[in-house]
Protein chains: 2
Amino acid sequence: MPTAILAHAESRPGGTSTGKGASLQQINISHESTDSTPVTVREHELVFAEGDAAHQRYDIVDGAVMLFRVLPDGRRQLVELLGPGDMFGLTCASEYDCSAETLVATRLRVSHRLDCSQVPAAICRMCGQLQKKVAELHEHSVVLGRKSAMEKVVSFLLRLASMDTGRRANGHVRLAMTRQEMADYLGLTIETVSRSLSELRRRGLIVFEKADWFHIPDAEAMESLSGDR
Amino acid sequence: MPTAILAHAESRPGGTSTGKGASLQQINISHESTDSTPVTVREHELVFAEGDAAHQRYDIVDGAVMLFRVLPDGRRQLVELLGPGDMFGLTCASEYDCSAETLVATRLRVSHRLDCSQVPAAICRMCGQLQKKVAELHEHSVVLGRKSAMEKVVSFLLRLASMDTGRRANGHVRLAMTRQEMADYLGLTIETVSRSLSELRRRGLIVFEKADWFHIPDAEAMESLSGDR
DNA sequence: CGAAAAGTTGATGGCTTTCAAGTCGTGTGG
DNA sequence: CCACACGACTTGAAAGCCATCAACTTTTCG
C-alpha cells in the first residue's frame, strides 16, 4: 500500500483536482495524531486522498475544507463543503471514499476513529447506516453532477444489479420503478431515460424479459459506459 | 400542526409526486408504533411527508422505499433508494427533510427515535454530524439534479451567506473558492459559473468588493431566483 | 515589470429538454 | 372474448440551455 500522497498522485494523473504542490501534509498529520492540539494546514493542501486508509477523523477548528471525488477521466465533483465545527473522515469503511483538501488555511483537530465496542448495538447500527448513506450520497452526487445521461442510466442499472446480486443467483434484476421515478432519481426527463434504455437494448447491453425484469449479458461493456472506468 | 398527510396535501399541490390515492397509511403506522412486528405498506404509498414531525425511525424488512424532495414548482428529486436492511427517518431535526414512499409492497419495523442521553457525548456528536451531512447531501442532490445553472449559483451564494451569518454582522461574505471549485461543486463549468455571477452583478443582485468578498443587497430577490420559492 | 494563473466574454455546437404523436400493456365492461 | 380506455412507455422533431473552444482581460506574485 502506497502512502496517501503517492496513491493519490498515481491514481489520478489527469485530475482537474489539486495538482500543484502535492500534499506532504498528510503524513505529518498522521504521526502527530491524537491529542487535542490543533494542526494547521495551509491553503489548498490535501489532507487525505480517496482510497487512503481511514485511520483518522478530523474536526475543523477554523478554516474550510472541501471533500471531492474524481472520475478516471478527470471530472471532479465536490461532495461536501465544511467549516468550523464540522467533522470529516467519519467512515465505517477501511478507506476514505473521497479526498479532502483545505480551501483556506485551516486548523484541524485529529483523532482516532471511535470504536463502537462499548456503545449500545442500536446506536452502533444507526451510525453504520448513516455512514453508508453518506457514502452513497457522495457517489450519487458524482452521478448527478458529472455524468452524462447515458452514464447515469448505466450507473443506475449496474447499481441495481449489484444490489440484487447475492439475492438472485441468475443475473436477472427487477426494475421496480417507473420511468418517471428513474428520471427523478437521475436528474433527467422520462424521455431521456427511455431513449437511453432503448439504445442499450438496441446495442444488446441489456435484455428485457417481462417488461420490468432485465439482465446484463456483458458487465464489462456496461461498466465501460458508466464513466467509472 | 396538521397531520402528515394533510400537511403534504396542502403544501405541494402541483407536485410531480405521488398524487393519486393519498396516504392514510401513515396515521395507522403512527399509532401502531413501537413493537417489533413489522407493518406492511402497499406499493406506492406515502410513509411520511417532508415537514412531518419526525417521531419515528423505520427499518425495512423487505421491499423498497424511495426518499424524495419536491421543489415548489413540482420538480422532484429522489434522494435515496432503500432496500431490505436499510433504515430511514434517522434525523436529529424535529421534522423529516424529505418524503418517503414505497416503490413496492414493503414491510417496515417502526421504532421511536433513540435518545442520546445515555450515549457517550463523542458518539452523540458524531451521529449529529452524520445526520447533518445526510440532510445537506439531500439538499445538494436537489440542487445538482433539478436546478438550472442560475438557480445553482444563487442557491450556493445564499448558502454561503447564511453560513456566515452570525459570524459577520454586516452581510459581507467571503467567497473563498475559485471558479473551478464552485463549478465542481455545482456540476457546471467554470464559464457558466462566471457568466451567472456576471449577470447577478449586472442586475445588482450581488455586489463585489475586493474580488472575493461580496454581499447580497436584496435577499428576497435572490431567493426568488433560487428555485426554492 | 513581466509572466502565469484566474477570470471574463463571445461564438458555436451538442446534449438534453420540450412538445407532440404515436405504441404498448393492462384492467374493465359490454 | 374482445373492445375500449387509461396509463406507461416510446419515438420523432425542434428548441434551449449549457459546454466547448477561443480570445481577451484582470489579478497575482516573483
# chains A, B, ... in the order shown; residues from 1 in each chain; ligands from 1
>>> interface_residues(of="chain A", to="chain B", cutoff="6 Å", atoms="only C-alpha atoms", output="PyMOL selection string")
chain A and resi 76-78+134+144-146+184-185+187
>>> write_last_selection(atoms="N, CA, C and O atoms", output="short mmCIF file (atom, residue, chain, number, x, y, z; two decimals), in the first residue's frame")
data_model
loop_
_atom_site.label_atom_id
_atom_site.label_comp_id
_atom_site.auth_asym_id
_atom_site.auth_seq_id
_atom_site.Cartn_x
_atom_site.Cartn_y
_atom_site.Cartn_z
N ARG A 76 -14.32 16.21 -11.86
CA ARG A 76 -14.29 16.27 -10.40
C ARG A 76 -15.63 16.73 -9.87
O ARG A 76 -16.30 17.56 -10.47
N GLN A 77 -16.04 16.18 -8.75
CA GLN A 77 -17.26 16.63 -8.08
C GLN A 77 -16.95 16.89 -6.62
O GLN A 77 -16.53 15.97 -5.90
N LEU A 78 -17.15 18.11 -6.16
CA LEU A 78 -17.05 18.38 -4.72
C LEU A 78 -18.32 17.83 -4.08
O LEU A 78 -19.43 18.10 -4.55
N VAL A 134 -24.14 8.36 3.80
CA VAL A 134 -23.25 9.45 3.37
C VAL A 134 -22.41 9.01 2.17
O VAL A 134 -22.30 9.72 1.17
N LEU A 144 -25.01 12.72 -10.35
CA LEU A 144 -25.88 13.86 -10.70
C LEU A 144 -25.09 15.02 -11.28
O LEU A 144 -25.53 15.67 -12.23
N GLY A 145 -23.91 15.27 -10.72
CA GLY A 145 -23.19 16.47 -11.10
C GLY A 145 -22.31 16.32 -12.32
O GLY A 145 -22.12 17.28 -13.08
N ARG A 146 -21.81 15.13 -12.56
CA ARG A 146 -20.75 14.99 -13.55
C ARG A 146 -20.95 13.94 -14.62
O ARG A 146 -20.08 13.74 -15.46
N ASP A 184 -36.45 10.97 -12.03
CA ASP A 184 -36.35 11.84 -10.86
C ASP A 184 -35.17 11.45 -9.97
O ASP A 184 -34.65 12.27 -9.23
N TYR A 185 -34.77 10.21 -10.04
CA TYR A 185 -33.57 9.82 -9.29
C TYR A 185 -32.32 10.34 -9.97
O TYR A 185 -31.38 10.80 -9.32
N GLY A 187 -31.99 12.84 -12.21
CA GLY A 187 -31.97 14.22 -12.67
C GLY A 187 -32.13 14.34 -14.17
O GLY A 187 -31.48 15.16 -14.81
#
>>> select_by_dssp(residues="region 48-122 of chain B", states="helix (DSSP H, G or I)", output="JSON, numbers by chain")
{"B": [116, 117, 118, 121, 122]}
>>> write_last_selection(atoms="all heavy atoms", output="PDB file, in the first residue's frame")
ATOM      1  N   CYS B 116     -30.243  10.223  22.912  1.00  0.00           N
ATOM      2  CA  CYS B 116     -28.802  10.089  23.061  1.00  0.00           C
ATOM      3  C   CYS B 116     -28.361  10.281  24.498  1.00  0.00           C
ATOM      4  O   CYS B 116     -27.163  10.313  24.785  1.00  0.00           O
ATOM      5  CB  CYS B 116     -28.090  11.111  22.174  1.00  0.00           C
ATOM      6  SG  CYS B 116     -27.948  10.576  20.456  1.00  0.00           S
ATOM      7  N   SER B 117     -29.293  10.409  25.433  1.00  0.00           N
ATOM      8  CA  SER B 117     -28.909  10.868  26.767  1.00  0.00           C
ATOM      9  C   SER B 117     -27.916   9.927  27.451  1.00  0.00           C
ATOM     10  O   SER B 117     -27.049  10.377  28.178  1.00  0.00           O
ATOM     11  CB  SER B 117     -30.150  11.054  27.636  1.00  0.00           C
ATOM     12  OG  SER B 117     -30.945   9.894  27.600  1.00  0.00           O
ATOM     13  N   GLN B 118     -28.054   8.615  27.210  1.00  0.00           N
ATOM     14  CA  GLN B 118     -27.097   7.743  27.899  1.00  0.00           C
ATOM     15  C   GLN B 118     -26.020   7.198  26.967  1.00  0.00           C
ATOM     16  O   GLN B 118     -25.434   6.162  27.216  1.00  0.00           O
ATOM     17  CB  GLN B 118     -27.798   6.575  28.605  1.00  0.00           C
ATOM     18  CG  GLN B 118     -28.896   5.926  27.817  1.00  0.00           C
ATOM     19  CD  GLN B 118     -30.141   5.775  28.683  1.00  0.00           C
ATOM     20  OE1 GLN B 118     -30.335   6.551  29.620  1.00  0.00           O
ATOM     21  NE2 GLN B 118     -30.959   4.796  28.383  1.00  0.00           N
ATOM     22  N   ALA B 121     -20.919  11.269  24.848  1.00  0.00           N
ATOM     23  CA  ALA B 121     -21.088  12.517  24.108  1.00  0.00           C
ATOM     24  C   ALA B 121     -20.387  12.470  22.754  1.00  0.00           C
ATOM     25  O   ALA B 121     -20.889  13.006  21.763  1.00  0.00           O
ATOM     26  CB  ALA B 121     -20.571  13.682  24.935  1.00  0.00           C
ATOM     27  N   ALA B 122     -19.232  11.830  22.713  1.00  0.00           N
ATOM     28  CA  ALA B 122     -18.468  11.791  21.462  1.00  0.00           C
ATOM     29  C   ALA B 122     -19.268  11.088  20.363  1.00  0.00           C
ATOM     30  O   ALA B 122     -19.317  11.523  19.220  1.00  0.00           O
ATOM     31  CB  ALA B 122     -17.140  11.080  21.674  1.00  0.00           C
TER      32      ALA B 122
END
>>> atom_distance(atom1="C1' of DT26 (chain D)", atom2="CA of Lys152 (chain B)")
25.4 Å
>>> interface_residues(of="chain C", to="chain A", cutoff="9 Å", atoms="only C-alpha atoms (C1' of nucleotides)", output="ChimeraX atom specification")
/C:15-17
>>> interface_residues(of="chain A", to="chain D", cutoff="8 Å", atoms="only C-alpha atoms (C1' of nucleotides)", output="list in words")
Thr178, Arg179, Ser194 and Arg195 of chain A
>>> select_by_dssp(residues="region 74-156 of chain A", states="strand (DSSP E)", output="CSV table (one decimal) with all heavy atoms, in the first residue's frame")
chain,number,residue,atom,x,y,z
A,76,ARG,N,-14.3,16.2,-11.9
A,76,ARG,CA,-14.3,16.3,-10.4
A,76,ARG,C,-15.6,16.7,-9.9
A,76,ARG,O,-16.3,17.6,-10.5
A,76,ARG,CB,-13.2,17.2,-10.0
A,76,ARG,CG,-13.0,17.3,-8.5
A,76,ARG,CD,-11.9,18.2,-8.1
A,76,ARG,NE,-12.1,19.6,-8.3
A,76,ARG,CZ,-11.4,20.6,-7.7
A,76,ARG,NH1,-10.4,20.3,-6.9
A,76,ARG,NH2,-11.7,21.8,-7.9
A,77,GLN,N,-16.0,16.2,-8.7
A,77,GLN,CA,-17.3,16.6,-8.1
A,77,GLN,C,-17.0,16.9,-6.6
A,77,GLN,O,-16.5,16.0,-5.9
A,77,GLN,CB,-18.4,15.6,-8.2
A,77,GLN,CG,-19.7,16.0,-7.5
A,77,GLN,CD,-20.3,17.2,-8.1
A,77,GLN,OE1,-20.5,17.3,-9.3
A,77,GLN,NE2,-20.7,18.2,-7.3
A,78,LEU,N,-17.1,18.1,-6.2
A,78,LEU,CA,-17.1,18.4,-4.7
A,78,LEU,C,-18.3,17.8,-4.1
A,78,LEU,O,-19.4,18.1,-4.6
A,78,LEU,CB,-17.0,19.9,-4.4
A,78,LEU,CG,-15.9,20.7,-5.1
A,78,LEU,CD1,-15.7,22.0,-4.3
A,78,LEU,CD2,-14.6,20.0,-5.3
A,79,VAL,N,-18.2,17.1,-3.0
A,79,VAL,CA,-19.3,16.5,-2.4
A,79,VAL,C,-19.7,17.1,-1.1
A,79,VAL,O,-20.8,16.9,-0.6
A,79,VAL,CB,-19.2,14.9,-2.3
A,79,VAL,CG1,-19.0,14.3,-3.6
A,79,VAL,CG2,-18.0,14.6,-1.4
A,80,GLU,N,-18.7,17.7,-0.4
A,80,GLU,CA,-19.1,18.4,0.8
A,80,GLU,C,-18.2,19.7,1.0
A,80,GLU,O,-17.1,19.7,0.6
A,80,GLU,CB,-18.9,17.6,2.1
A,80,GLU,CG,-19.8,16.4,2.2
A,80,GLU,CD,-19.7,15.7,3.5
A,80,GLU,OE1,-19.6,16.3,4.6
A,80,GLU,OE2,-19.6,14.4,3.6
A,81,LEU,N,-18.8,20.7,1.5
A,81,LEU,CA,-18.1,21.9,1.9
A,81,LEU,C,-18.3,22.1,3.4
A,81,LEU,O,-19.4,22.1,3.9
A,81,LEU,CB,-18.7,23.2,1.2
A,81,LEU,CG,-18.5,23.3,-0.3
A,81,LEU,CD1,-19.1,24.6,-0.8
A,81,LEU,CD2,-17.0,23.3,-0.6
A,82,LEU,N,-17.1,22.2,4.1
A,82,LEU,CA,-17.2,22.1,5.5
A,82,LEU,C,-16.5,23.3,6.2
A,82,LEU,O,-15.6,23.9,5.6
A,82,LEU,CB,-16.4,20.8,6.0
A,82,LEU,CG,-17.0,19.5,5.4
A,82,LEU,CD1,-16.1,18.4,5.7
A,82,LEU,CD2,-18.4,19.3,5.9
A,87,MET,N,-17.1,17.9,11.2
A,87,MET,CA,-16.1,16.8,11.2
A,87,MET,C,-16.1,16.1,9.9
A,87,MET,O,-17.1,16.2,9.1
A,87,MET,CB,-16.6,15.8,12.3
A,87,MET,CG,-16.6,16.4,13.7
A,87,MET,SD,-17.3,15.2,14.9
A,87,MET,CE,-16.1,13.9,14.8
A,88,PHE,N,-15.0,15.5,9.6
A,88,PHE,CA,-14.9,14.7,8.4
A,88,PHE,C,-14.0,13.5,8.6
A,88,PHE,O,-13.3,13.5,9.6
A,88,PHE,CB,-14.5,15.5,7.1
A,88,PHE,CG,-13.2,16.2,7.2
A,88,PHE,CD1,-12.1,15.6,6.5
A,88,PHE,CD2,-13.0,17.4,7.9
A,88,PHE,CE1,-10.9,16.2,6.6
A,88,PHE,CE2,-11.8,18.0,7.9
A,88,PHE,CZ,-10.7,17.4,7.3
A,99,SER,N,-11.5,12.5,-1.4
A,99,SER,CA,-10.4,13.3,-0.9
A,99,SER,C,-10.8,14.5,-0.2
A,99,SER,O,-11.9,15.0,-0.3
A,99,SER,CB,-9.5,13.7,-2.2
A,99,SER,OG,-9.2,12.6,-2.9
A,100,ALA,N,-9.9,15.0,0.7
A,100,ALA,CA,-10.2,16.2,1.5
A,100,ALA,C,-9.1,17.2,1.3
A,100,ALA,O,-7.9,16.8,1.4
A,100,ALA,CB,-10.3,15.8,3.0
A,101,GLU,N,-9.4,18.4,0.9
A,101,GLU,CA,-8.4,19.4,0.7
A,101,GLU,C,-8.9,20.7,1.3
A,101,GLU,O,-10.1,21.0,1.3
A,101,GLU,CB,-8.3,19.6,-0.8
A,101,GLU,CG,-7.1,20.5,-1.2
A,101,GLU,CD,-7.0,20.7,-2.7
A,101,GLU,OE1,-7.0,19.6,-3.4
A,101,GLU,OE2,-6.8,21.8,-3.2
A,102,THR,N,-8.0,21.5,1.9
A,102,THR,CA,-8.4,22.8,2.5
A,102,THR,C,-8.7,23.8,1.4
A,102,THR,O,-8.1,23.8,0.4
A,102,THR,CB,-7.2,23.3,3.4
A,102,THR,OG1,-6.0,23.3,2.6
A,102,THR,CG2,-7.0,22.4,4.6
A,106,THR,N,-6.3,26.2,7.5
A,106,THR,CA,-7.3,25.6,8.4
A,106,THR,C,-6.6,24.9,9.6
A,106,THR,O,-5.5,24.3,9.5
A,106,THR,CB,-8.0,24.5,7.6
A,106,THR,OG1,-8.7,25.1,6.5
A,106,THR,CG2,-9.0,23.7,8.5
A,107,ARG,N,-7.2,25.0,10.7
A,107,ARG,CA,-6.8,24.3,11.9
A,107,ARG,C,-7.7,23.1,12.1
A,107,ARG,O,-8.9,23.2,12.2
A,107,ARG,CB,-6.7,25.2,13.1
A,107,ARG,CG,-5.5,26.1,13.2
A,107,ARG,CD,-5.4,26.8,14.5
A,107,ARG,NE,-6.5,27.7,14.7
A,107,ARG,CZ,-6.9,28.2,15.9
A,107,ARG,NH1,-6.1,27.9,17.0
A,107,ARG,NH2,-7.9,28.9,16.1
A,108,LEU,N,-7.0,21.9,12.3
A,108,LEU,CA,-7.8,20.7,12.4
A,108,LEU,C,-7.4,20.0,13.7
A,108,LEU,O,-6.2,20.0,14.1
A,108,LEU,CB,-7.4,19.7,11.3
A,108,LEU,CG,-7.8,20.2,9.9
A,108,LEU,CD1,-7.2,19.2,8.9
A,108,LEU,CD2,-9.3,20.2,9.8
A,109,ARG,N,-8.4,19.4,14.4
A,109,ARG,CA,-8.1,18.5,15.5
A,109,ARG,C,-8.2,17.1,14.9
A,109,ARG,O,-9.2,16.8,14.3
A,109,ARG,CB,-9.1,18.7,16.6
A,109,ARG,CG,-8.5,18.9,18.0
A,109,ARG,CD,-9.6,19.0,19.0
A,109,ARG,NE,-10.2,20.3,19.1
A,109,ARG,CZ,-9.6,21.4,19.6
A,109,ARG,NH1,-8.4,21.3,20.1
A,109,ARG,NH2,-10.3,22.6,19.6
A,110,VAL,N,-7.2,16.3,15.2
A,110,VAL,CA,-7.1,15.0,14.6
A,110,VAL,C,-7.4,14.0,15.7
A,110,VAL,O,-6.8,14.1,16.8
A,110,VAL,CB,-5.7,14.7,14.0
A,110,VAL,CG1,-5.7,13.4,13.2
A,110,VAL,CG2,-5.3,15.8,13.1
A,111,SER,N,-8.2,13.0,15.4
A,111,SER,CA,-8.4,11.9,16.5
A,111,SER,C,-8.6,10.6,15.8
A,111,SER,O,-8.9,10.5,14.6
A,111,SER,CB,-9.6,12.2,17.3
A,111,SER,OG,-10.7,12.5,16.6
A,112,HIS,N,-8.4,9.5,16.6
A,112,HIS,CA,-8.5,8.2,16.0
A,112,HIS,C,-10.0,7.9,15.8
A,112,HIS,O,-10.9,8.5,16.4
A,112,HIS,CB,-8.0,7.1,17.0
A,112,HIS,CG,-6.5,7.2,17.0
A,112,HIS,ND1,-5.7,7.1,15.9
A,112,HIS,CD2,-5.6,7.2,18.1
A,112,HIS,CE1,-4.4,7.2,16.2
A,112,HIS,NE2,-4.3,7.2,17.5
>>> closest_residue(among="B:Ala93, B:Pro84, B:Arg174, B:Pro38", to="Ala53 (chain B)", atoms="only C-alpha atoms")
B:Ala93
>>> atom_distance(atom1="CA of Leu158 (chain B)", atom2="CA of Tyr96 (chain B)")
22.1 Å
>>> decode(residues="region 8-22 of chain C", atoms="N, CA and C atoms (P, O5', C5', C4', C3', O3' and C1' of nucleotides)", output="PDB file, in the first residue's frame")
ATOM      1  P    DT C   8     -15.220  36.367 -13.096  1.00  0.00           P
ATOM      2  O5'  DT C   8     -15.168  36.854 -14.618  1.00  0.00           O
ATOM      3  C5'  DT C   8     -14.602  38.124 -14.913  1.00  0.00           C
ATOM      4  C4'  DT C   8     -14.663  38.360 -16.408  1.00  0.00           C
ATOM      5  C3'  DT C   8     -16.050  38.261 -17.025  1.00  0.00           C
ATOM      6  O3'  DT C   8     -16.339  39.544 -17.579  1.00  0.00           O
ATOM      7  C1'  DT C   8     -14.441  37.090 -18.324  1.00  0.00           C
ATOM      8  P    DT C   9     -17.802  39.919 -18.054  1.00  0.00           P
ATOM      9  O5'  DT C   9     -17.801  39.535 -19.598  1.00  0.00           O
ATOM     10  C5'  DT C   9     -16.803  40.098 -20.452  1.00  0.00           C
ATOM     11  C4'  DT C   9     -16.823  39.384 -21.786  1.00  0.00           C
ATOM     12  C3'  DT C   9     -18.215  39.102 -22.364  1.00  0.00           C
ATOM     13  O3'  DT C   9     -18.343  39.828 -23.578  1.00  0.00           O
ATOM     14  C1'  DT C   9     -16.762  37.245 -22.621  1.00  0.00           C
ATOM     15  P    DG C  10     -19.728  39.865 -24.380  1.00  0.00           P
ATOM     16  O5'  DG C  10     -19.401  38.923 -25.631  1.00  0.00           O
ATOM     17  C5'  DG C  10     -18.254  39.201 -26.430  1.00  0.00           C
ATOM     18  C4'  DG C  10     -18.073  38.109 -27.474  1.00  0.00           C
ATOM     19  C3'  DG C  10     -19.363  37.651 -28.173  1.00  0.00           C
ATOM     20  O3'  DG C  10     -19.124  37.633 -29.578  1.00  0.00           O
ATOM     21  C1'  DG C  10     -18.181  35.780 -27.313  1.00  0.00           C
ATOM     22  P    DA C  11     -20.299  37.379 -30.585  1.00  0.00           P
ATOM     23  O5'  DA C  11     -19.919  35.924 -31.125  1.00  0.00           O
ATOM     24  C5'  DA C  11     -18.575  35.648 -31.495  1.00  0.00           C
ATOM     25  C4'  DA C  11     -18.463  34.221 -32.028  1.00  0.00           C
ATOM     26  C3'  DA C  11     -19.670  33.734 -32.817  1.00  0.00           C
ATOM     27  O3'  DA C  11     -19.206  32.874 -33.854  1.00  0.00           O
ATOM     28  C1'  DA C  11     -19.373  32.355 -30.919  1.00  0.00           C
ATOM     29  P    DT C  12     -20.254  32.261 -34.929  1.00  0.00           P
ATOM     30  O5'  DT C  12     -20.336  30.740 -34.458  1.00  0.00           O
ATOM     31  C5'  DT C  12     -19.125  29.997 -34.282  1.00  0.00           C
ATOM     32  C4'  DT C  12     -19.440  28.661 -33.642  1.00  0.00           C
ATOM     33  C3'  DT C  12     -20.617  27.906 -34.264  1.00  0.00           C
ATOM     34  O3'  DT C  12     -20.118  26.704 -34.826  1.00  0.00           O
ATOM     35  C1'  DT C  12     -20.671  27.842 -31.886  1.00  0.00           C
ATOM     36  P    DG C  13     -21.105  25.669 -35.564  1.00  0.00           P
ATOM     37  O5'  DG C  13     -21.192  24.500 -34.476  1.00  0.00           O
ATOM     38  C5'  DG C  13     -20.032  24.133 -33.728  1.00  0.00           C
ATOM     39  C4'  DG C  13     -20.417  23.090 -32.699  1.00  0.00           C
ATOM     40  C3'  DG C  13     -21.434  22.073 -33.189  1.00  0.00           C
ATOM     41  O3'  DG C  13     -20.984  20.778 -32.805  1.00  0.00           O
ATOM     42  C1'  DG C  13     -22.276  23.198 -31.265  1.00  0.00           C
ATOM     43  P    DG C  14     -21.792  19.493 -33.199  1.00  0.00           P
ATOM     44  O5'  DG C  14     -22.220  18.978 -31.762  1.00  0.00           O
ATOM     45  C5'  DG C  14     -21.380  19.236 -30.633  1.00  0.00           C
ATOM     46  C4'  DG C  14     -22.066  18.736 -29.371  1.00  0.00           C
ATOM     47  C3'  DG C  14     -22.973  17.527 -29.567  1.00  0.00           C
ATOM     48  O3'  DG C  14     -22.952  16.806 -28.357  1.00  0.00           O
ATOM     49  C1'  DG C  14     -24.271  19.362 -28.885  1.00  0.00           C
ATOM     50  P    DC C  15     -23.352  15.296 -28.315  1.00  0.00           P
ATOM     51  O5'  DC C  15     -24.045  15.170 -26.890  1.00  0.00           O
ATOM     52  C5'  DC C  15     -23.530  15.909 -25.786  1.00  0.00           C
ATOM     53  C4'  DC C  15     -24.683  16.310 -24.891  1.00  0.00           C
ATOM     54  C3'  DC C  15     -25.675  15.180 -24.625  1.00  0.00           C
ATOM     55  O3'  DC C  15     -25.882  15.148 -23.220  1.00  0.00           O
ATOM     56  C1'  DC C  15     -26.824  17.098 -25.452  1.00  0.00           C
ATOM     57  P    DT C  16     -26.750  13.989 -22.538  1.00  0.00           P
ATOM     58  O5'  DT C  16     -28.104  14.748 -22.190  1.00  0.00           O
ATOM     59  C5'  DT C  16     -28.044  15.934 -21.404  1.00  0.00           C
ATOM     60  C4'  DT C  16     -29.359  16.676 -21.500  1.00  0.00           C
ATOM     61  C3'  DT C  16     -30.600  15.839 -21.189  1.00  0.00           C
ATOM     62  O3'  DT C  16     -31.267  16.479 -20.112  1.00  0.00           O
ATOM     63  C1'  DT C  16     -30.907  17.109 -23.167  1.00  0.00           C
ATOM     64  P    DT C  17     -32.699  15.972 -19.581  1.00  0.00           P
ATOM     65  O5'  DT C  17     -33.683  17.092 -20.134  1.00  0.00           O
ATOM     66  C5'  DT C  17     -33.388  18.464 -19.868  1.00  0.00           C
ATOM     67  C4'  DT C  17     -34.332  19.358 -20.642  1.00  0.00           C
ATOM     68  C3'  DT C  17     -35.809  19.139 -20.344  1.00  0.00           C
ATOM     69  O3'  DT C  17     -36.384  20.411 -20.048  1.00  0.00           O
ATOM     70  C1'  DT C  17     -35.398  19.047 -22.696  1.00  0.00           C
ATOM     71  P    DT C  18     -37.883  20.511 -19.530  1.00  0.00           P
ATOM     72  O5'  DT C  18     -38.740  20.786 -20.845  1.00  0.00           O
ATOM     73  C5'  DT C  18     -38.379  21.884 -21.677  1.00  0.00           C
ATOM     74  C4'  DT C  18     -39.163  21.822 -22.966  1.00  0.00           C
ATOM     75  C3'  DT C  18     -40.655  21.511 -22.819  1.00  0.00           C
ATOM     76  O3'  DT C  18     -41.378  22.558 -23.443  1.00  0.00           O
ATOM     77  C1'  DT C  18     -39.674  20.193 -24.525  1.00  0.00           C
ATOM     78  P    DC C  19     -42.951  22.721 -23.246  1.00  0.00           P
ATOM     79  O5'  DC C  19     -43.526  22.095 -24.604  1.00  0.00           O
ATOM     80  C5'  DC C  19     -43.050  22.594 -25.841  1.00  0.00           C
ATOM     81  C4'  DC C  19     -43.519  21.700 -26.976  1.00  0.00           C
ATOM     82  C3'  DC C  19     -44.983  21.233 -26.870  1.00  0.00           C
ATOM     83  O3'  DC C  19     -45.602  21.439 -28.119  1.00  0.00           O
ATOM     84  C1'  DC C  19     -43.562  19.410 -27.286  1.00  0.00           C
ATOM     85  P    DA C  20     -47.179  21.203 -28.338  1.00  0.00           P
ATOM     86  O5'  DA C  20     -47.211  19.852 -29.197  1.00  0.00           O
ATOM     87  C5'  DA C  20     -46.311  19.697 -30.272  1.00  0.00           C
ATOM     88  C4'  DA C  20     -46.406  18.294 -30.835  1.00  0.00           C
ATOM     89  C3'  DA C  20     -47.797  17.650 -30.730  1.00  0.00           C
ATOM     90  O3'  DA C  20     -48.112  17.002 -31.947  1.00  0.00           O
ATOM     91  C1'  DA C  20     -46.173  16.217 -29.848  1.00  0.00           C
ATOM     92  P    DA C  21     -49.681  17.026 -32.425  1.00  0.00           P
ATOM     93  O5'  DA C  21     -50.244  15.553 -32.257  1.00  0.00           O
ATOM     94  C5'  DA C  21     -49.476  14.559 -31.661  1.00  0.00           C
ATOM     95  C4'  DA C  21     -48.803  13.705 -32.717  1.00  0.00           C
ATOM     96  C3'  DA C  21     -49.586  12.445 -33.053  1.00  0.00           C
ATOM     97  O3'  DA C  21     -49.245  11.927 -34.329  1.00  0.00           O
ATOM     98  C1'  DA C  21     -47.696  11.936 -31.671  1.00  0.00           C
ATOM     99  P    DG C  22     -50.087  10.755 -34.889  1.00  0.00           P
ATOM    100  O5'  DG C  22     -49.977   9.604 -33.800  1.00  0.00           O
ATOM    101  C5'  DG C  22     -49.773   8.315 -34.248  1.00  0.00           C
ATOM    102  C4'  DG C  22     -48.503   7.711 -33.636  1.00  0.00           C
ATOM    103  C3'  DG C  22     -48.761   6.311 -33.107  1.00  0.00           C
ATOM    104  O3'  DG C  22     -48.313   5.377 -34.081  1.00  0.00           O
ATOM    105  C1'  DG C  22     -47.553   7.654 -31.538  1.00  0.00           C
TER     106       DG C  22
END
